[in-house]
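Novice: If you scroll down you'll find the structure; I have some questions about it.
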Amino acid sequence: MGLNRDYIGKEFPPQEHVVKAEEVAAYALAIGSRNASFFGTNGFDSGLSVIAPPSYTVTYELPLLEKVWSDPGLNGGEEQAKQNVLMLVHGDQNMKFYKPIKPGDKITYTAKIDDIEDKGSGELLKLSVLSKDEKGEKVTESHWGLFIRGIGSGEKPKSASSGSKPAPAAPPEPPPLAFRDVIRVPEDVTYKYADASNDHNPIHVNEKVAKEAGLKGIIVHGLCTMSMTMKSIIESYLDADPGKLKALGVRFTAPVYPGDTLIVDGWETGEKNGNSAIAFEVTRESDGVKVIKGGTAEAAV
C-alpha cells in the first residue's frame, strides 16, 4: 500500500530545543571528530568558543520526523506503518548551514512533508525541516529523502522523453583531487551514533531485525556516514574550521557496514552562491563500491 498523498504539503507544529554542550560533544565523538571547536578546548587553551558540528541539528530533528514517517494516517494503518518503518532506508540528504549553532541556543524548528514519489520498487518520502534561533533568523535547513522499499507501484518511473536513447557519452575526466581522506568505520559506531543522534532504528543496532529487513546485517546510519564524510571535508579541505561549511548534499547508493574502510575524494567545481563549490564521492576500499555518489558541498574559503 502506498503512502497517503493527502499528507503532501502537511506542516507540523513548531518544536523547540535548547542546545546543550554535552550533546554537542557526544555527537562530535560519535562521528569520530575531536575538533577543538566542538569541545571548547584544544588541550592548551580551555574556554574556546564552542560551536556544534554542522549536521548536529539532526539530533533534534529525528525524534520529530520519526513521528511523521511512522504516522498510521500517512502509512494506511498501524500494521502497515510498522512494516514501512522496517523497510525504510535513507536515500538522500541536503543541508544548508546559515549560521553556527552554539550551546545555550534556543532553536525553533518546523517540519513539512514536501512530496511523495513513486519509484516503482518503493516510494520516496520527502521531508524538510527549517530551524531558526531566538531572533527568528535561519540557522539550518534540512531536506530528507527517505525510501520505503516494497510499497511502490512496481512500474519504472517514466522518463521525460520517450523513444530510443543515444549511447551514453564517455564520462569526462575528473579534475585533480582537492582532497582525499580515509575513514575507518569503528565496529561499535552504530551504537554510539544511535545514542548521540537519537536515531534508534533497529536495523542499525539489532542483527536479527536488520536481516528481517532484507539486509545482510547491521548497517551504519546514512547520516553517520554523511557526518563522518563531513568531518573529512572540514579537516582535509576547510583548515579544520567547521564554520566555513555552508551546504552539504549526499545521495546514499550502497550500505556501509561497521568495520568498513572508506575513501573520500573531493574536487573543486567552481563557485556557487558566492562560495567555493566542491563535488565528492565516497568509496568502500574493499570492493570499490561507491557508497555516496554525487556529493556536493559549498564552503566559504
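Simple scheme: letters A, B, ... for chains in C-alpha cells order, numbers from 1 for residues in each chain, numbers from 1 for ligands in the order shown.
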What lies within 12 Å of segment 210-212 of chain A using only C-alpha atoms, ignoring chain neighbours under 6 positions off, as number ranges by chain?

Specialist: A: 83, 85-89, 201-204, 218-220, 255, 257

Novice: Please save N, CA and C atoms of the selected residues as a compact mmCIF listing (two decimals), in the first residue's frame.

Specialist:
```txt
# COMPACT_ATOMS: atom_id res chain seq x y z
N GLN A 83 5.47 -2.05 9.21
CA GLN A 83 6.18 -2.68 8.11
C GLN A 83 6.98 -1.65 7.30
N VAL A 85 8.22 1.21 8.32
CA VAL A 85 9.38 1.67 9.08
C VAL A 85 10.52 0.65 8.99
N LEU A 86 10.17 -0.64 9.03
CA LEU A 86 11.16 -1.70 8.91
C LEU A 86 11.88 -1.64 7.57
N MET A 87 11.16 -1.23 6.52
CA MET A 87 11.70 -1.22 5.16
C MET A 87 12.25 0.14 4.75
N LEU A 88 12.35 1.06 5.70
CA LEU A 88 12.78 2.43 5.40
C LEU A 88 14.31 2.52 5.41
N VAL A 89 14.86 3.15 4.38
CA VAL A 89 16.29 3.47 4.34
C VAL A 89 16.45 4.92 3.90
N ASN A 201 16.61 3.41 15.03
CA ASN A 201 16.10 2.42 14.08
C ASN A 201 16.85 1.11 14.31
N PRO A 202 16.13 0.00 14.59
CA PRO A 202 16.80 -1.25 14.99
C PRO A 202 17.69 -1.86 13.91
N ILE A 203 17.55 -1.48 12.64
CA ILE A 203 18.42 -2.06 11.62
C ILE A 203 19.88 -1.64 11.82
N HIS A 204 20.10 -0.65 12.70
CA HIS A 204 21.46 -0.18 12.96
C HIS A 204 22.08 -0.79 14.22
N ILE A 218 23.72 -5.57 10.37
CA ILE A 218 23.63 -4.19 10.83
C ILE A 218 24.33 -3.27 9.85
N ILE A 219 23.68 -2.17 9.51
CA ILE A 219 24.29 -1.17 8.63
C ILE A 219 24.48 0.14 9.40
N VAL A 220 25.44 0.92 8.95
CA VAL A 220 25.71 2.22 9.55
C VAL A 220 24.63 3.22 9.14
N PRO A 255 24.90 0.36 1.18
CA PRO A 255 25.05 0.34 2.64
C PRO A 255 26.51 0.39 3.06
N TYR A 257 28.97 -0.76 6.34
CA TYR A 257 28.94 -1.70 7.46
C TYR A 257 30.03 -1.36 8.47
```

Novice: Name all residues at most 12 Å from Lys138 of chain A (count only C-alpha atoms; drop same-chain ones fewer than 2 positions away) and give them as number ranges by chain.

Specialist: A: 96-101, 107-110, 129-136, 140-142

Novice: Mind listing the strand (DSSP E or B) residues of segment 38-132 of chain A, per DSSP on the backbone, as a PDB file with N, CA and C atoms, in the first residue's frame?

Specialist:
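And here's part.pdb as it stands now:
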```pdb
ATOM      1  N   THR A  41      38.082  23.308  23.966  1.00  0.00           N
ATOM      2  CA  THR A  41      39.480  23.249  24.399  1.00  0.00           C
ATOM      3  C   THR A  41      40.296  22.550  23.335  1.00  0.00           C
ATOM      4  N   SER A  46      41.723  26.313  27.289  1.00  0.00           N
ATOM      5  CA  SER A  46      40.324  25.995  27.580  1.00  0.00           C
ATOM      6  C   SER A  46      39.497  27.268  27.472  1.00  0.00           C
ATOM      7  N   LEU A  88      12.345   1.061   5.699  1.00  0.00           N
ATOM      8  CA  LEU A  88      12.784   2.427   5.399  1.00  0.00           C
ATOM      9  C   LEU A  88      14.305   2.522   5.414  1.00  0.00           C
ATOM     10  N   VAL A  89      14.863   3.150   4.376  1.00  0.00           N
ATOM     11  CA  VAL A  89      16.294   3.467   4.343  1.00  0.00           C
ATOM     12  C   VAL A  89      16.448   4.919   3.898  1.00  0.00           C
ATOM     13  N   HIS A  90      17.597   5.479   4.225  1.00  0.00           N
ATOM     14  CA  HIS A  90      17.856   6.880   3.878  1.00  0.00           C
ATOM     15  C   HIS A  90      18.347   6.958   2.437  1.00  0.00           C
ATOM     16  N   GLY A  91      17.646   7.724   1.607  1.00  0.00           N
ATOM     17  CA  GLY A  91      18.026   7.843   0.208  1.00  0.00           C
ATOM     18  C   GLY A  91      18.974   8.998  -0.064  1.00  0.00           C
ATOM     19  N   ASP A  92      18.636  10.169   0.467  1.00  0.00           N
ATOM     20  CA  ASP A  92      19.493  11.337   0.247  1.00  0.00           C
ATOM     21  C   ASP A  92      19.266  12.361   1.347  1.00  0.00           C
ATOM     22  N   GLN A  93      20.218  13.277   1.464  1.00  0.00           N
ATOM     23  CA  GLN A  93      20.139  14.335   2.473  1.00  0.00           C
ATOM     24  C   GLN A  93      20.811  15.575   1.928  1.00  0.00           C
ATOM     25  N   ASN A  94      20.148  16.727   2.076  1.00  0.00           N
ATOM     26  CA  ASN A  94      20.723  18.003   1.669  1.00  0.00           C
ATOM     27  C   ASN A  94      20.515  19.003   2.801  1.00  0.00           C
ATOM     28  N   MET A  95      21.589  19.712   3.170  1.00  0.00           N
ATOM     29  CA  MET A  95      21.520  20.638   4.283  1.00  0.00           C
ATOM     30  C   MET A  95      22.185  21.957   3.920  1.00  0.00           C
ATOM     31  N   LYS A  96      21.583  23.060   4.416  1.00  0.00           N
ATOM     32  CA  LYS A  96      22.175  24.389   4.284  1.00  0.00           C
ATOM     33  C   LYS A  96      22.440  24.919   5.685  1.00  0.00           C
ATOM     34  N   PHE A  97      23.617  25.505   5.864  1.00  0.00           N
ATOM     35  CA  PHE A  97      24.035  25.992   7.173  1.00  0.00           C
ATOM     36  C   PHE A  97      24.165  27.516   7.112  1.00  0.00           C
ATOM     37  N   LYS A 106      18.475  28.593  21.755  1.00  0.00           N
ATOM     38  CA  LYS A 106      17.116  28.053  21.765  1.00  0.00           C
ATOM     39  C   LYS A 106      16.620  28.019  20.323  1.00  0.00           C
ATOM     40  N   ILE A 107      16.442  26.819  19.810  1.00  0.00           N
ATOM     41  CA  ILE A 107      16.101  26.618  18.411  1.00  0.00           C
ATOM     42  C   ILE A 107      14.615  26.286  18.271  1.00  0.00           C
ATOM     43  N   THR A 108      13.956  26.964  17.357  1.00  0.00           N
ATOM     44  CA  THR A 108      12.576  26.619  16.982  1.00  0.00           C
ATOM     45  C   THR A 108      12.626  26.001  15.595  1.00  0.00           C
ATOM     46  N   TYR A 109      11.997  24.833  15.435  1.00  0.00           N
ATOM     47  CA  TYR A 109      12.083  24.137  14.155  1.00  0.00           C
ATOM     48  C   TYR A 109      10.721  23.587  13.728  1.00  0.00           C
ATOM     49  N   THR A 110      10.513  23.597  12.435  1.00  0.00           N
ATOM     50  CA  THR A 110       9.241  23.139  11.873  1.00  0.00           C
ATOM     51  C   THR A 110       9.510  22.122  10.767  1.00  0.00           C
ATOM     52  N   ALA A 111       8.640  21.131  10.668  1.00  0.00           N
ATOM     53  CA  ALA A 111       8.788  20.066   9.672  1.00  0.00           C
ATOM     54  C   ALA A 111       7.614  20.083   8.695  1.00  0.00           C
ATOM     55  N   LYS A 112       7.882  19.607   7.495  1.00  0.00           N
ATOM     56  CA  LYS A 112       6.867  19.592   6.441  1.00  0.00           C
ATOM     57  C   LYS A 112       7.089  18.384   5.537  1.00  0.00           C
ATOM     58  N   ILE A 113       5.991  17.785   5.067  1.00  0.00           N
ATOM     59  CA  ILE A 113       6.075  16.746   4.041  1.00  0.00           C
ATOM     60  C   ILE A 113       6.010  17.445   2.687  1.00  0.00           C
ATOM     61  N   ASP A 114       7.116  17.415   1.958  1.00  0.00           N
ATOM     62  CA  ASP A 114       7.201  18.137   0.687  1.00  0.00           C
ATOM     63  C   ASP A 114       6.618  17.352  -0.477  1.00  0.00           C
ATOM     64  N   ASP A 115       6.814  16.036  -0.476  1.00  0.00           N
ATOM     65  CA  ASP A 115       6.345  15.255  -1.616  1.00  0.00           C
ATOM     66  C   ASP A 115       6.422  13.763  -1.292  1.00  0.00           C
ATOM     67  N   ILE A 116       5.728  12.979  -2.100  1.00  0.00           N
ATOM     68  CA  ILE A 116       5.800  11.514  -2.061  1.00  0.00           C
ATOM     69  C   ILE A 116       5.920  11.059  -3.506  1.00  0.00           C
ATOM     70  N   GLU A 117       6.997  10.343  -3.827  1.00  0.00           N
ATOM     71  CA  GLU A 117       7.241   9.945  -5.201  1.00  0.00           C
ATOM     72  C   GLU A 117       7.254   8.430  -5.337  1.00  0.00           C
ATOM     73  N   ASP A 118       6.546   7.932  -6.344  1.00  0.00           N
ATOM     74  CA  ASP A 118       6.560   6.510  -6.661  1.00  0.00           C
ATOM     75  C   ASP A 118       7.813   6.201  -7.467  1.00  0.00           C
ATOM     76  N   GLY A 122       9.556   1.133  -4.684  1.00  0.00           N
ATOM     77  CA  GLY A 122       9.237   1.716  -3.390  1.00  0.00           C
ATOM     78  C   GLY A 122       8.815   3.160  -3.568  1.00  0.00           C
ATOM     79  N   GLU A 123       8.627   3.845  -2.456  1.00  0.00           N
ATOM     80  CA  GLU A 123       8.232   5.251  -2.532  1.00  0.00           C
ATOM     81  C   GLU A 123       9.224   6.115  -1.761  1.00  0.00           C
ATOM     82  N   LEU A 124       9.444   7.314  -2.299  1.00  0.00           N
ATOM     83  CA  LEU A 124      10.368   8.266  -1.692  1.00  0.00           C
ATOM     84  C   LEU A 124       9.570   9.327  -0.954  1.00  0.00           C
ATOM     85  N   LEU A 125       9.756   9.386   0.348  1.00  0.00           N
ATOM     86  CA  LEU A 125       9.103  10.375   1.200  1.00  0.00           C
ATOM     87  C   LEU A 125      10.062  11.541   1.377  1.00  0.00           C
ATOM     88  N   LYS A 126       9.653  12.731   0.939  1.00  0.00           N
ATOM     89  CA  LYS A 126      10.494  13.913   1.019  1.00  0.00           C
ATOM     90  C   LYS A 126      10.019  14.816   2.154  1.00  0.00           C
ATOM     91  N   LEU A 127      10.905  15.070   3.101  1.00  0.00           N
ATOM     92  CA  LEU A 127      10.599  15.890   4.264  1.00  0.00           C
ATOM     93  C   LEU A 127      11.596  17.045   4.347  1.00  0.00           C
ATOM     94  N   SER A 128      11.171  18.140   4.962  1.00  0.00           N
ATOM     95  CA  SER A 128      12.091  19.250   5.189  1.00  0.00           C
ATOM     96  C   SER A 128      11.897  19.784   6.599  1.00  0.00           C
ATOM     97  N   VAL A 129      12.987  20.298   7.161  1.00  0.00           N
ATOM     98  CA  VAL A 129      12.955  20.899   8.495  1.00  0.00           C
ATOM     99  C   VAL A 129      13.714  22.219   8.429  1.00  0.00           C
ATOM    100  N   LEU A 130      13.094  23.272   8.922  1.00  0.00           N
ATOM    101  CA  LEU A 130      13.720  24.589   8.981  1.00  0.00           C
ATOM    102  C   LEU A 130      13.917  24.977  10.443  1.00  0.00           C
ATOM    103  N   SER A 131      15.161  25.316  10.805  1.00  0.00           N
ATOM    104  CA  SER A 131      15.495  25.710  12.172  1.00  0.00           C
ATOM    105  C   SER A 131      15.816  27.199  12.221  1.00  0.00           C
ATOM    106  N   LYS A 132      15.292  27.873  13.264  1.00  0.00           N
ATOM    107  CA  LYS A 132      15.567  29.288  13.471  1.00  0.00           C
ATOM    108  C   LYS A 132      15.992  29.510  14.920  1.00  0.00           C
TER     109      LYS A 132
END
```

Novice: Just checking: using only C-alpha atoms, which residue out of A:Gly288, A:Gly32, A:Pro14, A:Gly294 ends up closest to Pro186 of chain A?

Specialist: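 Answer, going by the shortest atom-to-atom distance: A:Gly32.
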
Novice: Given only C-alpha atoms as the basis, pick out the residue of A:Gly120, A:Pro258, A:Ala300, A:Gly40 nearest to Asp239 of chain A.

Specialist: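 Among the listed residues, A:Ala300 lies closest to Asp239 of chain A.
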
Novice: Using DSSP assignments from the backbone, pull out every residue in segment 212-296 of chain A that falls under alpha helix (DSSP H) and give it to me as a ChimeraX atom specification.

Specialist: /A:212,222-237

Novice: To one decimal place in Å, what is the distance between atom CA of Ala21 of chain A and atom CA of Ala299 of chain A?

Specialist: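 The value is 24.9 Å.
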
Novice: In Å to one decimal, how far is atom CA of Lys272 of chain A from atom CA of Glu298 of chain A?

Specialist: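 If I compute the distance from atom CA of Glu298 of chain A to atom CA of Lys272 of chain A, I get 7.0 Å.
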
Novice: Pick out the residues sitting within 12 Å of segment 187-189 of chain A, and hand them over as a VMD selection string; count only C-alpha atoms, and ignore anything fewer than 5 positions along from it in its own chain.

Specialist: chain A and resid 27 29 to 32 194 to 197 204 to 205 218 to 225 228 256 to 261

Novice: At what distance in Å, to one decimal, does atom CA of Ala26 of chain A lie from atom CA of Leu238 of chain A?

Specialist: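 If I compute the distance from atom CA of Leu238 of chain A to atom CA of Ala26 of chain A, I get 22.1 Å.
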
Novice: Of the residues A:Lys192, A:Arg184, A:Lys119, A:Lys20, which is the one nearest to Lys102 of chain A, using only C-alpha atoms?

Specialist: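 Closest residue, counting only C-alpha atoms: A:Lys20.
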
Novice: For Ile234 of chain A, which of A:Thr269, A:Gln15, A:Asn206, A:Asn35 is the closest residue, counting only C-alpha atoms?

Specialist: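 For Ile234 of chain A, the nearest of the given residues is A:Asn35.
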
Novice: Find, counting only C-alpha atoms, the residue in A:Ala277, A:Arg251, A:Gly266, A:Tyr7 that gets nearest to Lys290 of chain A.

Specialist: A:Arg251

Novice: Rank A:Arg5, A:Leu245, A:Val24, A:Thr296 by their smallest atom-to-atom distance to Asn75 of chain A, using only C-alpha atoms, and report the top residue only.

Specialist: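 Checking each candidate against Asn75 of chain A, we get A:Arg5 as the closest.
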